[in-house]
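A.B. asks: Following this line is protein_38.cif, made up of mmCIF, N, CA and C atoms:
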```cif
data_final
loop_
_atom_site.label_atom_id
_atom_site.label_comp_id
_atom_site.auth_asym_id
_atom_site.auth_seq_id
_atom_site.Cartn_x
_atom_site.Cartn_y
_atom_site.Cartn_z
N MET A 1 -10.16 11.62 -3.74
CA MET A 1 -9.41 10.42 -4.05
C MET A 1 -10.31 9.20 -3.83
N ASP A 2 -10.18 8.26 -4.71
CA ASP A 2 -11.01 7.07 -4.63
C ASP A 2 -10.16 5.89 -4.15
N ILE A 3 -9.98 5.79 -2.85
CA ILE A 3 -9.20 4.70 -2.27
C ILE A 3 -10.14 3.80 -1.49
N LYS A 4 -10.08 2.51 -1.82
CA LYS A 4 -10.92 1.51 -1.17
C LYS A 4 -10.02 0.43 -0.58
N THR A 5 -10.62 -0.43 0.20
CA THR A 5 -9.89 -1.56 0.75
C THR A 5 -9.33 -2.39 -0.40
N GLY A 6 -8.03 -2.65 -0.36
CA GLY A 6 -7.37 -3.41 -1.40
C GLY A 6 -6.62 -2.56 -2.41
N SER A 7 -6.83 -1.24 -2.36
CA SER A 7 -6.10 -0.34 -3.27
C SER A 7 -4.63 -0.30 -2.90
N VAL A 8 -3.78 -0.32 -3.90
CA VAL A 8 -2.35 -0.16 -3.68
C VAL A 8 -2.04 1.32 -3.76
N VAL A 9 -1.29 1.81 -2.78
CA VAL A 9 -0.96 3.23 -2.70
C VAL A 9 0.53 3.42 -2.46
N ARG A 10 1.00 4.62 -2.76
CA ARG A 10 2.39 4.99 -2.48
C ARG A 10 2.37 6.12 -1.48
N ALA A 11 3.20 6.02 -0.45
CA ALA A 11 3.28 7.06 0.57
C ALA A 11 4.01 8.27 0.00
N LEU A 12 3.45 9.45 0.24
CA LEU A 12 4.04 10.69 -0.25
C LEU A 12 4.79 11.45 0.83
N ALA A 13 4.57 11.09 2.10
CA ALA A 13 5.19 11.82 3.20
C ALA A 13 5.50 10.87 4.35
N GLY A 14 6.37 11.34 5.22
CA GLY A 14 6.71 10.55 6.41
C GLY A 14 7.89 9.63 6.17
N ARG A 15 8.18 8.81 7.16
CA ARG A 15 9.30 7.86 7.06
C ARG A 15 9.10 6.87 5.93
N GLU A 16 7.84 6.62 5.57
CA GLU A 16 7.52 5.62 4.56
C GLU A 16 7.49 6.19 3.15
N LYS A 17 7.94 7.42 2.95
CA LYS A 17 7.85 8.08 1.66
C LYS A 17 8.36 7.19 0.53
N ASP A 18 7.58 7.12 -0.55
CA ASP A 18 7.88 6.36 -1.77
C ASP A 18 7.77 4.85 -1.61
N ARG A 19 7.28 4.37 -0.49
CA ARG A 19 7.05 2.94 -0.32
C ARG A 19 5.62 2.59 -0.68
N TYR A 20 5.41 1.35 -1.09
CA TYR A 20 4.08 0.88 -1.49
C TYR A 20 3.40 0.15 -0.34
N PHE A 21 2.09 0.34 -0.25
CA PHE A 21 1.26 -0.29 0.77
C PHE A 21 -0.06 -0.69 0.14
N VAL A 22 -0.79 -1.53 0.86
CA VAL A 22 -2.17 -1.83 0.48
C VAL A 22 -3.08 -1.24 1.55
N ALA A 23 -4.19 -0.68 1.12
CA ALA A 23 -5.16 -0.12 2.05
C ALA A 23 -5.97 -1.25 2.67
N VAL A 24 -5.88 -1.38 3.98
CA VAL A 24 -6.60 -2.42 4.70
C VAL A 24 -7.98 -1.92 5.12
N ASP A 25 -8.07 -0.60 5.39
CA ASP A 25 -9.33 0.01 5.80
C ASP A 25 -9.27 1.50 5.49
N VAL A 26 -10.42 2.10 5.23
CA VAL A 26 -10.53 3.53 4.99
C VAL A 26 -11.63 4.04 5.91
N HIS A 27 -11.30 5.06 6.72
CA HIS A 27 -12.27 5.53 7.71
C HIS A 27 -11.99 6.97 8.09
N ASP A 28 -12.97 7.86 7.93
CA ASP A 28 -12.91 9.26 8.39
C ASP A 28 -11.66 10.02 7.95
N GLY A 29 -11.31 9.94 6.68
CA GLY A 29 -10.17 10.70 6.17
C GLY A 29 -8.83 10.06 6.43
N PHE A 30 -8.83 8.88 7.00
CA PHE A 30 -7.59 8.16 7.26
C PHE A 30 -7.63 6.81 6.55
N VAL A 31 -6.45 6.34 6.19
CA VAL A 31 -6.31 5.04 5.55
C VAL A 31 -5.40 4.20 6.44
N TYR A 32 -5.75 2.95 6.60
CA TYR A 32 -4.93 2.02 7.39
C TYR A 32 -4.17 1.15 6.40
N LEU A 33 -2.84 1.24 6.47
CA LEU A 33 -1.97 0.64 5.47
C LEU A 33 -1.12 -0.50 6.02
N ALA A 34 -0.88 -1.48 5.17
CA ALA A 34 -0.02 -2.61 5.53
C ALA A 34 0.92 -2.90 4.37
N ASP A 35 2.12 -3.35 4.71
CA ASP A 35 3.07 -3.77 3.67
C ASP A 35 3.54 -5.21 3.88
N GLY A 36 3.08 -5.85 4.94
CA GLY A 36 3.43 -7.24 5.19
C GLY A 36 4.77 -7.44 5.86
N LYS A 37 5.54 -6.37 6.03
CA LYS A 37 6.86 -6.49 6.64
C LYS A 37 6.90 -5.68 7.93
N GLU A 38 7.06 -4.37 7.81
CA GLU A 38 7.08 -3.52 9.00
C GLU A 38 5.68 -3.27 9.53
N ARG A 39 4.73 -3.20 8.63
CA ARG A 39 3.32 -3.01 9.01
C ARG A 39 2.53 -4.23 8.56
N LYS A 40 2.25 -5.09 9.51
CA LYS A 40 1.53 -6.34 9.23
C LYS A 40 0.05 -6.06 9.01
N LEU A 41 -0.63 -7.00 8.41
CA LEU A 41 -2.07 -6.86 8.17
C LEU A 41 -2.83 -6.72 9.48
N GLY A 42 -2.34 -7.33 10.54
CA GLY A 42 -3.01 -7.28 11.84
C GLY A 42 -2.82 -5.98 12.60
N SER A 43 -1.81 -5.20 12.23
CA SER A 43 -1.57 -3.91 12.90
C SER A 43 -1.16 -2.86 11.86
N PRO A 44 -2.11 -2.41 11.05
CA PRO A 44 -1.79 -1.47 9.98
C PRO A 44 -1.45 -0.07 10.49
N LYS A 45 -0.78 0.69 9.64
CA LYS A 45 -0.38 2.07 9.94
C LYS A 45 -1.53 3.01 9.57
N LYS A 46 -1.88 3.90 10.50
CA LYS A 46 -2.90 4.91 10.24
C LYS A 46 -2.23 6.10 9.57
N LYS A 47 -2.71 6.47 8.39
CA LYS A 47 -2.09 7.56 7.64
C LYS A 47 -3.17 8.47 7.06
N ASN A 48 -2.92 9.76 7.09
CA ASN A 48 -3.83 10.73 6.52
C ASN A 48 -3.95 10.49 5.02
N ILE A 49 -5.15 10.53 4.50
CA ILE A 49 -5.40 10.25 3.09
C ILE A 49 -4.69 11.26 2.18
N LYS A 50 -4.37 12.44 2.70
CA LYS A 50 -3.66 13.45 1.92
C LYS A 50 -2.21 13.07 1.66
N HIS A 51 -1.68 12.14 2.44
CA HIS A 51 -0.27 11.80 2.37
C HIS A 51 0.01 10.53 1.57
N ILE A 52 -0.96 10.10 0.78
CA ILE A 52 -0.76 8.91 -0.06
C ILE A 52 -1.28 9.19 -1.47
N SER A 53 -0.84 8.37 -2.40
CA SER A 53 -1.26 8.50 -3.79
C SER A 53 -1.60 7.11 -4.32
N PRO A 54 -2.79 6.93 -4.91
CA PRO A 54 -3.13 5.61 -5.47
C PRO A 54 -2.29 5.32 -6.71
N VAL A 55 -1.95 4.07 -6.91
CA VAL A 55 -1.18 3.68 -8.09
C VAL A 55 -2.03 2.88 -9.08
N HIS A 56 -3.33 2.91 -8.87
CA HIS A 56 -4.31 2.29 -9.78
C HIS A 56 -4.07 0.79 -9.94
N ARG A 57 -3.75 0.15 -8.84
CA ARG A 57 -3.64 -1.31 -8.77
C ARG A 57 -4.51 -1.76 -7.60
N PHE A 58 -4.87 -3.02 -7.60
CA PHE A 58 -5.74 -3.56 -6.57
C PHE A 58 -5.23 -4.93 -6.16
N ILE A 59 -5.24 -5.20 -4.87
CA ILE A 59 -4.87 -6.52 -4.32
C ILE A 59 -6.07 -7.03 -3.53
N GLU A 60 -6.51 -8.21 -3.85
CA GLU A 60 -7.62 -8.82 -3.12
C GLU A 60 -7.15 -9.13 -1.70
N THR A 61 -7.85 -8.60 -0.70
CA THR A 61 -7.40 -8.73 0.68
C THR A 61 -7.98 -9.94 1.41
N GLU A 62 -8.98 -10.57 0.83
CA GLU A 62 -9.51 -11.77 1.49
C GLU A 62 -8.49 -12.89 1.37
N GLN A 63 -8.23 -13.56 2.45
CA GLN A 63 -7.27 -14.66 2.54
C GLN A 63 -5.86 -14.23 2.18
N LEU A 64 -5.56 -12.93 2.31
CA LEU A 64 -4.23 -12.42 2.05
C LEU A 64 -3.37 -12.60 3.30
N THR A 65 -2.16 -13.08 3.11
CA THR A 65 -1.23 -13.22 4.22
C THR A 65 -0.14 -12.15 4.08
N ASP A 66 0.59 -11.92 5.16
CA ASP A 66 1.67 -10.95 5.11
C ASP A 66 2.71 -11.35 4.06
N ARG A 67 3.00 -12.62 3.96
CA ARG A 67 3.99 -13.10 3.00
C ARG A 67 3.54 -12.84 1.56
N LYS A 68 2.29 -13.16 1.25
CA LYS A 68 1.77 -12.92 -0.10
C LYS A 68 1.75 -11.42 -0.41
N LEU A 69 1.41 -10.62 0.58
CA LEU A 69 1.38 -9.18 0.40
C LEU A 69 2.78 -8.65 0.08
N ARG A 70 3.79 -9.08 0.85
CA ARG A 70 5.17 -8.66 0.58
C ARG A 70 5.59 -9.00 -0.84
N GLN A 71 5.26 -10.22 -1.27
CA GLN A 71 5.64 -10.66 -2.61
C GLN A 71 4.99 -9.80 -3.69
N GLN A 72 3.71 -9.50 -3.53
CA GLN A 72 3.00 -8.71 -4.54
C GLN A 72 3.51 -7.28 -4.59
N LEU A 73 3.77 -6.68 -3.43
CA LEU A 73 4.28 -5.31 -3.40
C LEU A 73 5.71 -5.24 -3.94
N LEU A 74 6.52 -6.25 -3.68
CA LEU A 74 7.87 -6.30 -4.22
C LEU A 74 7.83 -6.39 -5.74
N ARG A 75 6.94 -7.21 -6.26
CA ARG A 75 6.79 -7.35 -7.70
C ARG A 75 6.39 -6.01 -8.33
N LEU A 76 5.45 -5.32 -7.69
CA LEU A 76 5.00 -4.02 -8.17
C LEU A 76 6.15 -3.01 -8.14
N SER A 77 6.90 -2.99 -7.07
CA SER A 77 8.04 -2.09 -6.94
C SER A 77 9.07 -2.35 -8.03
N ASP A 78 9.34 -3.61 -8.30
CA ASP A 78 10.30 -3.97 -9.36
C ASP A 78 9.80 -3.53 -10.73
N GLU A 79 8.49 -3.68 -10.98
CA GLU A 79 7.92 -3.24 -12.25
C GLU A 79 8.06 -1.73 -12.42
N GLU A 80 7.80 -0.99 -11.34
CA GLU A 80 7.91 0.47 -11.39
C GLU A 80 9.35 0.89 -11.67
N LYS A 81 10.30 0.24 -11.01
CA LYS A 81 11.71 0.59 -11.22
C LYS A 81 12.15 0.30 -12.65
N SER A 82 11.73 -0.85 -13.19
CA SER A 82 12.15 -1.21 -14.55
C SER A 82 11.50 -0.29 -15.58
N SER A 83 10.27 0.16 -15.34
CA SER A 83 9.63 1.07 -16.29
C SER A 83 10.25 2.46 -16.22
N ASN A 84 10.75 2.86 -15.04
CA ASN A 84 11.40 4.16 -14.91
C ASN A 84 12.80 4.15 -15.52
N ASP A 85 13.45 2.98 -15.58
CA ASP A 85 14.79 2.87 -16.13
C ASP A 85 14.79 2.97 -17.65
N GLN A 86 13.67 2.67 -18.27
CA GLN A 86 13.61 2.65 -19.74
C GLN A 86 13.42 4.00 -20.34
#
```
Turn this file's structure into structure tokens for me.

C.D. replies:
Amino acid sequence: MDIKTGSVVRALAGREKDRYFVAVDVHDGFVYLADGKERKLGSPKKKNIKHISPVHRFIETEQLTDRKLRQQLLRLSDEEKSSNDQ
């Protein structure tokens, strides 16, 4: 899997299943994820790389705030829902 800092991913397992996150860091088979709400940029969730799936989107993480991150992920989630409804 090609996941880098700033990649948008969807959780495949755990309490966060089917939720969107941005990869804040990738290290030794683990990805550190933030969503700006429950998992802030300052304290990301450590998740096994096997339990996520990239959605082929990218968010620039420099000067990103939790609020901006929430807005971008919400927009992405809404786009996914509307495309699945059609």

A.B. asks: How would you write, as a list in words, the set of residues in chain A that DSSP gives as strand (DSSP E)?

C.D. replies: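 Of chain A, only Ser7, Val8, Val9, Arg10, Ala11, Tyr20, Phe21, Val22, Ala23, Val24, Asp25, Val26, His27, Phe30, Val31, Tyr32, Leu33, Ala34, Lys45, Lys46, Lys47, Asn48, Ile52, Ser53, Pro54, Val55, His56, Arg57 and Phe58 of chain A fall in strand (DSSP E).
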
A.B. asks: In Å to one decimal, how far is atom N of Val55 in chain A from atom C of Lys81 in chain A?

C.D. replies: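 So the answer is 15.7 Å.
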
A.B. asks: Have a look at A:Gln63, A:Lys68, A:Asp35, A:Phe30 and name the one nearest to Asn48 in chain A; count only C-alpha atoms.

C.D. replies: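 Under the stated criterion, the closest residue is A:Phe30.
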
A.B. asks: Would you mind telling me which residue in A:Gln72, A:Ser53, A:Ser83, A:Thr5 lies nearest to Gly36 in chain A when using only C-alpha atoms?

C.D. replies: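 When distances to Gly36 in chain A are compared using only C-alpha atoms, the smallest one comes from A:Gln72.
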
A.B. asks: Using all atoms listed in the file, which residue out of A:Leu69, A:Ile52, A:Val24, A:Leu64 lies closest to Lys37 in chain A?

C.D. replies: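 The closest residue to Lys37 in chain A is A:Leu69.
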
A.B. asks: Determine the residue membership of the PyMOL selection byres ((chain A and resi 58) around 6.5) for the file above and supply it as a list in words.

C.D. replies: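 Applied to this file, the PyMOL selection byres ((chain A and resi 58) around 6.5) returns Gly6, Ser7, Val8, His56, Arg57, Ile59 and Glu60 of chain A.
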
A.B. asks: Please write the residues from the selection above to a file, keeping N, CA and C atoms, as an mmCIF file, keeping the file's coordinate frame.

C.D. replies:
```cif
data_model
loop_
_atom_site.group_PDB
_atom_site.id
_atom_site.type_symbol
_atom_site.label_atom_id
_atom_site.label_comp_id
_atom_site.auth_asym_id
_atom_site.auth_seq_id
_atom_site.Cartn_x
_atom_site.Cartn_y
_atom_site.Cartn_z
ATOM 1 N N GLY A 6 -8.030 -2.650 -0.360
ATOM 2 C CA GLY A 6 -7.370 -3.410 -1.400
ATOM 3 C C GLY A 6 -6.620 -2.560 -2.410
ATOM 4 N N SER A 7 -6.830 -1.240 -2.360
ATOM 5 C CA SER A 7 -6.100 -0.340 -3.270
ATOM 6 C C SER A 7 -4.630 -0.300 -2.900
ATOM 7 N N VAL A 8 -3.780 -0.320 -3.900
ATOM 8 C CA VAL A 8 -2.350 -0.160 -3.680
ATOM 9 C C VAL A 8 -2.040 1.320 -3.760
ATOM 10 N N HIS A 56 -3.330 2.910 -8.870
ATOM 11 C CA HIS A 56 -4.310 2.290 -9.780
ATOM 12 C C HIS A 56 -4.070 0.790 -9.940
ATOM 13 N N ARG A 57 -3.750 0.150 -8.840
ATOM 14 C CA ARG A 57 -3.640 -1.310 -8.770
ATOM 15 C C ARG A 57 -4.510 -1.760 -7.600
ATOM 16 N N ILE A 59 -5.240 -5.200 -4.870
ATOM 17 C CA ILE A 59 -4.870 -6.520 -4.320
ATOM 18 C C ILE A 59 -6.070 -7.030 -3.530
ATOM 19 N N GLU A 60 -6.510 -8.210 -3.850
ATOM 20 C CA GLU A 60 -7.620 -8.820 -3.120
ATOM 21 C C GLU A 60 -7.150 -9.130 -1.700
#
```

A.B. asks: Give the answer as one residue: which of A:Arg75, A:Arg67, A:Arg39, A:His51 has the shortest atom-to-atom distance to Arg10 in chain A, using only C-alpha atoms?

C.D. replies: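 Among the listed residues, the smallest separation from Arg10 in chain A belongs to A:His51.
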
A.B. asks: Can you measure atom N of Leu76 in chain A to atom C of Asp18 in chain A for me? One decimal in Å is fine.

C.D. replies: 12.1 Å

A.B. asks: So the first atom is CA of Lys45 in chain A and the second is CA of Ser77 in chain A; what is the distance between them in Å, to one decimal place?

C.D. replies: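 Atom-to-atom, CA of Lys45 in chain A and CA of Ser77 in chain A are spaced 19.3 Å apart.
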
A.B. asks: Check the smallest atom-to-atom distance from each of A:Lys40, A:Arg19, A:Lys47, A:Lys4 to Glu80 in chain A using only C-alpha atoms, then report the winner.

C.D. replies: A:Arg19
